[in-house]
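Take a look at the structure set out below.
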Amino acid sequence: SVLLDCTGEMQQLHTHMQDKYFPLQLAECCLHGILRVILLNNPLSGALILAALLLESPWQALLWMLGLLASTFTAIILGQDCEEVSSGLHGFNGMLVALLMGRFSSAGDWYWWLLLPVCLGGAAIAFLYSSLSSFLGRWDLPVSVFPFNIVTLLYLACTGTSNPYFPNYPAQPPGAPESTSHTQLHVPQLLQGAALGVGQIFACGTLGPSLLILGAVFLFSPILAVSGISTMAGKSEIKSKYQQNSVLQK
């Protein structure tokens, strides 16, 4: 019974938190926002993903949480719908913006100047979300990730590889896949590639954090986790066959 209460959207916990202190409600809201990146809604799964992000890179996790908090606090100040805020709908876009700012930055870890655009970008997300909601709502169109795309593109347009404060990696076209001499598909490598594919959603490139993220999805919905593994495994198999054909053609 306790295990079942921890699966799904955990509505009982959400109801229980309604009359709690604001810091506890904010913590639950942030955990919902983390999981909203993959369109799920379970605070315990959000805690597992946060642990995975900290294990992958404490610096990147700090940026992601700052972006999420900035977006959430700004939405609260703007008077956005309380239920939407508590479910994390106003936080995940801020987290995504912070994620890309951290990944594009070529200044390395613990570059404190980067905290400024992360906080400003997270706040701008809430303003854009509020404006676009009233505009697109007339035609019943979803706002979705429009604010995330706008803020990210503006940030990249205003910075560059030679910016003295916010340097980024140069944008390069994707190259041809690396050739490989493997002619057989190894099941352990296939499963590892599928797990890493799930982790790449949160820019995690190591196996441990990726397995934690997969466990978070499994906690919310075992069927969804199995479906995700099957999809990633299929993509890994297709990529392997493509590389085999490239080797044979050479």
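How things are named: the first chain in the structure tokens is A, the next is B, and so on; residues count from 1 in each chain; ligands count from 1 in the order shown.
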Margin query: I'd like the contact shell of Leu35 of chain A - 12 Å cut-off, only C-alpha atoms, skipping same-chain residues fewer than 4 positions apart - returned as a PyMOL selection string.
Written below: chain A and resi 9+28-31+39-50+68+87-89+91-93+95-96+201-202+213-214+216-217+219-220
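Near Ser71 of chain A, within 9 Å and counting only C-alpha atoms, sit Leu66, Gly67, Ala75, Ile76, His90, Gly91, Phe92, Asn93, Gly94, Met95, Cys119, Leu120, Gly121, Gly122, Ala123, Ala124, Ile125, Ala126 and Phe127 of chain A, not including residues fewer than 4 positions from it in the same chain.
One distance worth recording is that between atom CA of Phe73 of chain A and atom CA of Lys20 of chain A, which is 17.7 Å.
Proximity ranking of A:Ile38, A:Ala27, A:Leu55, A:Leu132 relative to Ala225 of chain A places A:Ile38 first, based on only C-alpha atoms.
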Note to self: I'd like the neighbourhood of Phe166 of chain A as a list in words, where a residue qualifies if any of its atoms comes within 9 Å (using only C-alpha atoms), though same-chain residues fewer than 6 positions away should be ignored.
What the structure shows: Ser105, Ser106, Ala107, Trp113, Leu114, Pro117, Thr159 and Gly160 of chain A
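Across A:Leu78, A:Val85, A:Ala51, A:Leu156, the tightest approach to Tyr169 of chain A is made by A:Leu156 when counting only C-alpha atoms.
Minimum atom-to-atom distances from A:Leu154, A:Leu54, A:Val37, A:Leu26 to Ala70 of chain A were compared using only C-alpha atoms, and the lowest value belongs to A:Leu26.
Remark: for Trp112 of chain A, the closest of the candidate residues A:Val226, A:Leu63, A:Cys204, A:Ala52 is A:Leu63 (distances computed over only C-alpha atoms).
With only C-alpha atoms as the atoms that count, the residue of A:Ser227, A:Ser221, A:Gln60, A:Asn163 with the shortest distance to Gly108 of chain A is A:Gln60.
In this structure, atom CA of Tyr155 of chain A sits 18.9 Å away from atom CA of Leu69 of chain A.
In this model, the gap between atom CA of Leu224 of chain A and atom CA of Glu56 of chain A comes to 23.4 Å.
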Next item on the list: Would you please extract all alpha helix (DSSP H) residues from segment 27-160 of chain A, as assigned by DSSP on the backbone, and give them as a ChimeraX atom specification?
Entry: /A:27-36,43-56,58-77,82-86,92-104,115-136,146-158
Margin query: Measuring between only C-alpha atoms, which one of A:Thr72, A:Thr152, A:Ser144, A:Ser57 shows the shortest distance to Asp109 of chain A?
Written below: A:Ser57
Margin query: Give me the residues near Phe146 of chain A as a ChimeraX atom specification, where near means some atom within 9 Å (using only C-alpha atoms) and where sequence neighbours in that chain fewer than 3 positions away do not count.
Written below: /A:128-129,132,143,149-151
Kindly export the residues of the current selection with N, CA and C atoms, as an mmCIF file, in the first residue's frame.
data_model
loop_
_atom_site.group_PDB
_atom_site.id
_atom_site.type_symbol
_atom_site.label_atom_id
_atom_site.label_comp_id
_atom_site.auth_asym_id
_atom_site.auth_seq_id
_atom_site.Cartn_x
_atom_site.Cartn_y
_atom_site.Cartn_z
ATOM 1 N N LEU A 128 7.264 35.841 -20.036
ATOM 2 C CA LEU A 128 6.856 35.411 -21.377
ATOM 3 C C LEU A 128 5.706 34.414 -21.315
ATOM 4 N N TYR A 129 5.758 33.518 -20.340
ATOM 5 C CA TYR A 129 4.684 32.531 -20.195
ATOM 6 C C TYR A 129 3.361 33.224 -19.917
ATOM 7 N N LEU A 132 2.327 35.160 -23.247
ATOM 8 C CA LEU A 132 1.923 34.265 -24.327
ATOM 9 C C LEU A 132 0.646 33.499 -23.990
ATOM 10 N N VAL A 143 0.950 27.084 -24.658
ATOM 11 C CA VAL A 143 2.181 27.877 -24.600
ATOM 12 C C VAL A 143 3.399 26.964 -24.726
ATOM 13 N N ASN A 149 12.272 28.501 -25.769
ATOM 14 C CA ASN A 149 12.948 28.719 -27.051
ATOM 15 C C ASN A 149 13.335 30.181 -27.242
ATOM 16 N N ILE A 150 12.441 31.096 -26.867
ATOM 17 C CA ILE A 150 12.696 32.518 -27.072
ATOM 18 C C ILE A 150 13.874 32.978 -26.220
ATOM 19 N N VAL A 151 13.857 32.634 -24.938
ATOM 20 C CA VAL A 151 14.929 33.081 -24.040
ATOM 21 C C VAL A 151 16.263 32.458 -24.437
#
